[in-house]
Each structure stands twice: as structure tokens, then as C-alpha cells.
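Peer 1: Below you'll find entry-v3.cif; it's mmCIF, C-alpha atoms.
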data_coords
loop_
_atom_site.group_PDB
_atom_site.id
_atom_site.type_symbol
_atom_site.label_atom_id
_atom_site.label_comp_id
_atom_site.auth_asym_id
_atom_site.auth_seq_id
_atom_site.Cartn_x
_atom_site.Cartn_y
_atom_site.Cartn_z
ATOM 1 C CA MET A 23 -139.630 -146.701 115.302
ATOM 2 C CA SER A 24 -142.837 -147.060 117.305
ATOM 3 C CA ALA A 25 -141.560 -150.357 118.745
ATOM 4 C CA ALA A 26 -138.533 -148.522 120.150
ATOM 5 C CA LEU A 27 -140.835 -145.846 121.560
ATOM 6 C CA ASP A 28 -143.097 -148.456 123.121
ATOM 7 C CA LEU A 29 -140.106 -150.234 124.648
ATOM 8 C CA ALA A 30 -138.710 -146.966 126.035
ATOM 9 C CA SER A 31 -142.041 -145.948 127.503
ATOM 10 C CA TRP A 32 -142.596 -149.378 129.039
ATOM 11 C CA THR A 33 -139.180 -149.343 130.714
ATOM 12 C CA ALA A 34 -139.818 -145.796 131.990
ATOM 13 C CA LEU A 35 -143.200 -146.892 133.378
ATOM 14 C CA ALA A 36 -141.681 -149.966 134.993
ATOM 15 C CA ALA A 37 -138.860 -147.925 136.531
ATOM 16 C CA GLY A 38 -141.378 -145.340 137.766
ATOM 17 C CA GLY A 39 -143.459 -148.068 139.363
ATOM 18 C CA PHE A 40 -140.351 -149.521 140.968
ATOM 19 C CA PHE A 41 -139.360 -146.181 142.489
ATOM 20 C CA CYS A 42 -142.905 -145.612 143.729
ATOM 21 C CA LEU A 43 -142.661 -148.946 145.526
ATOM 22 C CA VAL A 44 -139.227 -148.090 146.903
ATOM 23 C CA GLY A 45 -140.637 -144.833 148.287
ATOM 24 C CA GLY A 46 -143.655 -146.598 149.757
ATOM 25 C CA ILE A 47 -141.537 -149.256 151.464
ATOM 26 C CA GLY A 48 -139.146 -146.546 152.681
ATOM 27 C CA LEU A 49 -142.156 -144.710 154.109
ATOM 28 C CA LEU A 50 -142.809 -147.709 156.324
ATOM 29 C CA ARG A 51 -139.369 -148.869 157.276
ATOM 30 C CA MET A 52 -137.595 -145.593 157.991
ATOM 31 C CA PRO A 53 -136.883 -145.088 161.732
ATOM 32 C CA ASP A 54 -137.979 -141.500 162.304
ATOM 33 C CA PHE A 55 -140.120 -138.783 160.808
ATOM 34 C CA TYR A 56 -137.527 -136.896 158.769
ATOM 35 C CA THR A 57 -136.185 -139.994 157.035
ATOM 36 C CA ARG A 58 -139.758 -140.890 156.142
ATOM 37 C CA VAL A 59 -140.245 -137.495 154.574
ATOM 38 C CA HIS A 60 -137.152 -138.166 152.507
ATOM 39 C CA ALA A 61 -138.367 -141.615 151.485
ATOM 40 C CA ALA A 62 -141.754 -140.249 150.425
ATOM 41 C CA SER A 63 -140.118 -137.539 148.345
ATOM 42 C CA VAL A 64 -138.097 -140.222 146.554
ATOM 43 C CA ALA A 65 -141.352 -141.789 145.408
ATOM 44 C CA GLU A 66 -142.833 -138.423 144.597
ATOM 45 C CA THR A 67 -140.003 -137.152 142.407
ATOM 46 C CA LEU A 68 -138.493 -140.208 140.706
ATOM 47 C CA GLY A 69 -141.511 -142.494 140.651
ATOM 48 C CA VAL A 70 -143.889 -139.871 139.354
ATOM 49 C CA GLY A 71 -141.344 -138.320 137.008
ATOM 50 C CA LEU A 72 -140.457 -141.591 135.291
ATOM 51 C CA MET A 73 -144.087 -142.613 134.998
ATOM 52 C CA LEU A 74 -145.002 -139.294 133.448
ATOM 53 C CA LEU A 75 -142.104 -139.731 131.030
ATOM 54 C CA GLY A 76 -143.403 -143.173 130.127
ATOM 55 C CA LEU A 77 -146.885 -141.809 129.495
ATOM 56 C CA MET A 78 -145.521 -138.921 127.452
ATOM 57 C CA LEU A 79 -143.635 -141.311 125.179
ATOM 58 C CA GLN A 80 -146.835 -143.248 124.677
ATOM 59 C CA SER A 81 -148.873 -140.237 123.656
ATOM 60 C CA GLY A 82 -146.434 -138.608 121.234
ATOM 61 C CA PHE A 83 -147.110 -134.982 120.142
ATOM 62 C CA THR A 84 -150.694 -134.529 121.305
ATOM 63 C CA LEU A 85 -152.536 -132.334 123.795
ATOM 64 C CA SER A 86 -152.282 -135.030 126.459
ATOM 65 C CA THR A 87 -148.499 -134.755 126.320
ATOM 66 C CA VAL A 88 -148.861 -131.051 127.164
ATOM 67 C CA LYS A 89 -151.160 -131.943 130.056
ATOM 68 C CA LEU A 90 -148.660 -134.523 131.286
ATOM 69 C CA ALA A 91 -145.931 -131.886 131.103
ATOM 70 C CA ILE A 92 -148.164 -129.575 133.151
ATOM 71 C CA ILE A 93 -148.620 -132.298 135.760
ATOM 72 C CA GLY A 94 -144.835 -132.731 135.804
ATOM 73 C CA LEU A 95 -144.374 -128.990 136.320
ATOM 74 C CA LEU A 96 -147.041 -129.064 139.016
ATOM 75 C CA PHE A 97 -145.097 -131.679 140.926
ATOM 76 C CA LEU A 98 -141.859 -129.810 140.275
ATOM 77 C CA PHE A 99 -143.210 -126.856 142.274
ATOM 78 C CA THR A 100 -145.610 -128.361 144.795
ATOM 79 C CA SER A 101 -143.597 -131.346 145.979
ATOM 80 C CA PRO A 102 -140.695 -129.382 147.514
ATOM 81 C CA ALA A 103 -143.133 -126.868 148.999
ATOM 82 C CA ALA A 104 -145.127 -129.595 150.716
ATOM 83 C CA THR A 105 -142.011 -131.416 151.937
ATOM 84 C CA ASN A 106 -140.532 -128.177 153.308
ATOM 85 C CA ALA A 107 -143.771 -127.288 155.081
ATOM 86 C CA LEU A 108 -143.913 -130.784 156.589
ATOM 87 C CA ALA A 109 -140.366 -130.688 157.906
ATOM 88 C CA LYS A 110 -140.724 -127.162 159.316
ATOM 89 C CA ALA A 111 -144.021 -128.027 160.983
ATOM 90 C CA GLY A 112 -142.463 -131.151 162.498
ATOM 91 C CA MET A 113 -139.403 -129.248 163.689
ATOM 92 C CA SER A 114 -141.432 -126.406 165.181
ATOM 93 C CA ARG A 115 -143.624 -128.889 167.043
ATOM 94 C CA GLY A 116 -140.529 -130.429 168.634
ATOM 95 C CA ILE A 117 -139.944 -133.669 166.723
ATOM 96 C CA GLN A 118 -136.248 -134.331 167.226
ATOM 97 C CA PRO A 119 -134.359 -136.073 164.392
ATOM 98 C CA LEU A 120 -132.781 -139.423 165.293
ATOM 99 C CA LEU A 121 -129.076 -138.530 165.433
ATOM 100 C CA ALA A 122 -126.192 -141.001 165.764
ATOM 101 C CA SER A 123 -125.396 -141.368 169.476
ATOM 102 C CA ARG A 124 -121.875 -140.635 170.708
ATOM 103 C CA GLU A 125 -120.782 -144.230 171.468
ATOM 104 C CA HIS A 126 -120.619 -145.669 167.967
ATOM 105 C CA GLU A 127 -118.888 -143.051 165.841
ATOM 106 C CA SER A 128 -120.141 -142.547 162.248
ATOM 107 C CA SER A 129 -118.183 -144.403 159.624
ATOM 108 C CA LYS A 130 -117.327 -141.222 157.702
ATOM 109 C CA ARG A 131 -114.711 -140.037 160.169
ATOM 110 C CA MET B 28 -150.201 -154.631 129.946
ATOM 111 C CA MET B 29 -147.508 -152.314 131.293
ATOM 112 C CA PHE B 30 -150.213 -149.835 132.368
ATOM 113 C CA ALA B 31 -151.654 -152.595 134.566
ATOM 114 C CA ALA B 32 -148.241 -153.112 136.164
ATOM 115 C CA ALA B 33 -147.871 -149.362 136.779
ATOM 116 C CA THR B 34 -151.399 -149.180 138.228
ATOM 117 C CA LEU B 35 -150.606 -152.098 140.538
ATOM 118 C CA ALA B 36 -147.420 -150.369 141.733
ATOM 119 C CA ILE B 37 -149.348 -147.172 142.461
ATOM 120 C CA ILE B 38 -152.089 -149.013 144.361
ATOM 121 C CA VAL B 39 -149.517 -150.905 146.448
ATOM 122 C CA THR B 40 -147.746 -147.615 147.260
ATOM 123 C CA MET B 41 -151.080 -146.131 148.325
ATOM 124 C CA ALA B 42 -151.677 -149.142 150.577
ATOM 125 C CA LEU B 43 -148.225 -148.668 152.150
ATOM 126 C CA ALA B 44 -148.967 -144.978 152.698
ATOM 127 C CA ILE B 45 -152.282 -145.843 154.360
ATOM 128 C CA VAL B 46 -150.515 -148.330 156.634
ATOM 129 C CA ARG B 47 -148.118 -145.526 157.582
ATOM 130 C CA ALA B 48 -151.105 -143.243 158.204
ATOM 131 C CA ILE B 49 -152.574 -145.806 160.607
ATOM 132 C CA ARG B 50 -149.321 -146.599 162.413
ATOM 133 C CA GLY B 51 -147.752 -143.158 162.275
ATOM 134 C CA PRO B 52 -146.968 -142.062 165.877
ATOM 135 C CA THR B 53 -147.028 -138.317 165.217
ATOM 136 C CA VAL B 54 -149.706 -136.348 163.420
ATOM 137 C CA PHE B 55 -147.129 -135.191 160.900
ATOM 138 C CA ASP B 56 -146.523 -138.783 159.783
ATOM 139 C CA ARG B 57 -150.218 -138.890 158.984
ATOM 140 C CA ALA B 58 -150.019 -135.609 157.096
ATOM 141 C CA GLN B 59 -147.062 -137.020 155.132
ATOM 142 C CA ALA B 60 -149.045 -140.202 154.389
ATOM 143 C CA GLY B 61 -151.959 -138.065 153.221
ATOM 144 C CA ASN B 62 -149.670 -136.146 150.923
ATOM 145 C CA THR B 63 -148.244 -139.352 149.426
ATOM 146 C CA THR B 64 -151.705 -140.835 148.975
ATOM 147 C CA GLY B 65 -152.806 -137.679 147.162
ATOM 148 C CA THR B 66 -149.807 -137.820 144.857
ATOM 149 C CA MET B 67 -150.439 -141.444 144.085
ATOM 150 C CA ALA B 68 -154.095 -140.638 143.403
ATOM 151 C CA VAL B 69 -152.969 -138.090 140.828
ATOM 152 C CA MET B 70 -150.758 -140.667 139.164
ATOM 153 C CA LEU B 71 -153.523 -143.269 139.287
ATOM 154 C CA LEU B 72 -155.855 -140.852 137.493
ATOM 155 C CA ALA B 73 -153.270 -140.190 134.805
ATOM 156 C CA VAL B 74 -152.458 -143.865 134.198
ATOM 157 C CA ILE B 75 -156.073 -145.040 134.251
ATOM 158 C CA GLY B 76 -156.956 -142.187 131.918
ATOM 159 C CA PHE B 77 -154.420 -143.649 129.527
ATOM 160 C CA LEU B 78 -155.559 -147.225 130.148
ATOM 161 C CA ASN B 79 -159.128 -146.459 129.037
ATOM 162 C CA GLY B 80 -158.014 -144.114 126.268
ATOM 163 C CA ARG B 81 -159.756 -141.085 127.830
ATOM 164 C CA PRO B 82 -157.327 -138.137 127.933
ATOM 165 C CA GLU B 83 -159.699 -135.829 129.887
ATOM 166 C CA PHE B 84 -158.706 -137.649 133.093
ATOM 167 C CA LEU B 85 -155.471 -135.640 132.961
ATOM 168 C CA ASP B 86 -157.405 -132.442 133.747
ATOM 169 C CA LEU B 87 -158.783 -134.151 136.836
ATOM 170 C CA ALA B 88 -155.248 -135.146 137.806
ATOM 171 C CA ILE B 89 -154.034 -131.532 137.569
ATOM 172 C CA VAL B 90 -156.905 -130.216 139.700
ATOM 173 C CA TYR B 91 -156.460 -132.985 142.249
ATOM 174 C CA GLY B 92 -152.723 -132.262 142.499
ATOM 175 C CA LEU B 93 -153.444 -128.616 143.319
ATOM 176 C CA LEU B 94 -156.123 -129.531 145.850
ATOM 177 C CA ASN B 95 -153.789 -132.017 147.454
ATOM 178 C CA LEU B 96 -151.161 -129.335 148.041
ATOM 179 C CA VAL B 97 -153.679 -126.868 149.486
ATOM 180 C CA GLY B 98 -155.053 -129.561 151.795
ATOM 181 C CA THR B 99 -151.637 -130.609 153.072
ATOM 182 C CA ILE B 100 -150.531 -127.008 153.699
ATOM 183 C CA ALA B 101 -153.812 -126.237 155.534
ATOM 184 C CA VAL B 102 -153.486 -129.303 157.771
ATOM 185 C CA LEU B 103 -149.873 -128.429 158.555
ATOM 186 C CA LYS B 104 -150.719 -124.814 159.303
ATOM 187 C CA PHE B 105 -153.472 -125.928 161.651
ATOM 188 C CA PHE B 106 -151.225 -128.325 163.555
ATOM 189 C CA ARG B 107 -148.356 -125.892 163.695
ATOM 190 C CA TYR B 108 -150.119 -122.731 164.897
ATOM 191 C CA GLY B 109 -153.075 -124.292 166.701
ATOM 192 C CA ASP B 110 -155.562 -122.482 164.451
ATOM 193 C CA LEU B 111 -155.729 -121.347 160.862
ATOM 194 C CA GLY B 112 -156.239 -117.641 161.537
ATOM 195 C CA ASP B 113 -153.165 -116.935 163.645
ATOM 196 C CA PRO B 114 -151.821 -113.570 162.341
ATOM 197 C CA GLY B 115 -148.175 -114.222 163.289
ATOM 198 C CA GLU B 116 -145.635 -116.013 165.437
ATOM 199 C CA GLY B 117 -145.613 -113.720 168.466
ATOM 200 C CA GLU B 118 -148.879 -111.782 168.516
ATOM 201 C CA PRO B 119 -151.833 -113.271 170.398
ATOM 202 C CA PRO B 120 -154.453 -114.658 168.011
ATOM 203 C CA ARG B 121 -157.152 -112.030 167.276
ATOM 204 C CA GLN B 122 -160.333 -112.428 169.322
ATOM 205 C CA PRO B 123 -163.251 -113.836 167.280
#
Kindly transcribe the structure held in the file into C-alpha cells.

Peer 2:
Amino acid sequence: MSAALDLASWTALAAGGFFCLVGGIGLLRMPDFYTRVHAASVAETLGVGLMLLGLMLQSGFTLSTVKLAIIGLLFLFTSPAATNALAKAGMSRGIQPLLASREHESSKR
Amino acid sequence: MMFAAATLAIIVTMALAIVRAIRGPTVFDRAQAGNTTGTMAVMLLAVIGFLNGRPEFLDLAIVYGLLNLVGTIAVLKFFRYGDLGDPGEGEPPRQP
């Protein structure tokens, strides 16, 4: 049983690390400010969430699992607040999002 | 062993965020990079707390997460309104 738990927690940790990296790389390669905010929130929600899950599986039913759940709840509430404040501050200070120009129409139409 | 891999991923993400903080054209990119670095610091605390078998690091992670939010919101408020004490959108800021 504990081997299955270890395996599950290791895969969750690895996936969390992967998504953190994806968010970090997205933070660098995205063209404008708002896409970078999105990329960073990918790392913040998925990367952190999966890592916390991995740590919770490792610790079983102890106090540290409760603390990890509290950290998860903390991110559940603070991450959207921070991202919203960032985007509103950027918009109010006149950072224009990079929209598709008229010549090459978007593929959705 | 997997904790080491997770710690490495977090440290690399922090490095990428710091590169964005250095290159970021606008001040809000830097605020975003600061926010990401703070989040990754929280995760680093949690994982290293587990690596060394010391669960009290998780309390530090919670406190640091809260501080990180307050810091980011304060920086954003300063850059959006020009100063932290501005009573509202339209009114002139109160004289000191």
C-alpha cells in the first residue's frame, strides 16, 4: 500500500515540478504582459497544487497534512486576488494587450 | 530523491522569474515576477521542510505566502495610484 502511495506522490511531485517549469518558461517567452500573467498563474495553480498534493500523500494523516491543506487554501484565495490586481493595475496604467491585427484574420472564424 | 527533483524545478522557476524581473519592460512585469518568486519561495520552504523532516517549516510557508500577497498588493497600489494614501479615484489626495 505504501509503495502505491509513494508512487502516486512522486508522480504528483514530478507533474507539479513540470508545470512550475512550464509556467516559468511561459513567463519568459510570452509576448506581452497579460499573457505573462496567465503563464505565471499556470505555474501558481497547477504547479503548486500538484506539489502540495504530492507532499500531502507523503505525510498521510498528520498535522503537516492540515498545514499543507491550509497552504493550498491560501493559494486558492490569494492567487486570483493577486492576478486580478496585477491585470487591473496594468490596464489602468495603459498597458494595451497585444491583439491580432486586422490583416491576418484569426483562425477561429 | 523526488524531493530533490521538485526542489530543482522550483529553483529553476525562480531563476526564470528573476530573469523576467530583470528584462521586464514595464514595472508590472517586475511585480508579476516578484509575485511568482514569492510563490516559489513558499513552495521551496514546504518541500525543503519535508526534505529535512522538519514539519515546522510549513508554518513559515503560510506566513510567507500571506506576506507575499500583502507586498504585491501594496506595490501595485503604489504604482497604480501614485501613492499609498490616495482616498479615492477622483478626489485629490489629502494634504499631508

Peer 1: Taking all atoms listed in the file into account, which of B:Leu72, B:Ile45, B:Leu87, B:Ala36 comes nearest chain A?

Peer 2: B:Ala36

Peer 1: What do you get, as a count of residues only, if you spell out every residue that the PyMOL selection byres ((chain A and resi 73-81) around 8) selects here?

Peer 2: 27

Peer 1: On this file, the PyMOL selection byres ((chain B) within 8 of (chain A)) gives some set of residues; write that set as a count of residues only.

Peer 2: 37

Peer 1: Find the axis-aligned box for stretch 68-83 of chain B, covering all its listed atoms and adding 6 Å on each side, and write its centre and edge lengths in Å to one decimal as JSON.

Peer 2:
{"center_x": -155.3, "center_y": -141.5, "center_z": 134.8, "size_x": 21.0, "size_y": 23.4, "size_z": 29.1}

Peer 1: Figure out the distance between atom CA of B:Pro52 and atom CA of B:Leu94, please, to one decimal in Å.

Peer 2: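 Computing the Euclidean distance for atom CA of B:Leu94 and atom CA of B:Pro52 yields 25.3 Å.
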
Peer 1: What separation in Å, quoted to one decimal, exists between atom CA of B:Thr64 and atom CA of B:Leu35?

Peer 2: 14.1 Å

Peer 1: What does the distance from atom CA of A:Met52 to atom CA of B:Ala60 come to in Å, to one decimal?

Peer 2: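 Going from atom CA of A:Met52 over to atom CA of B:Ala60, I get 13.2 Å.
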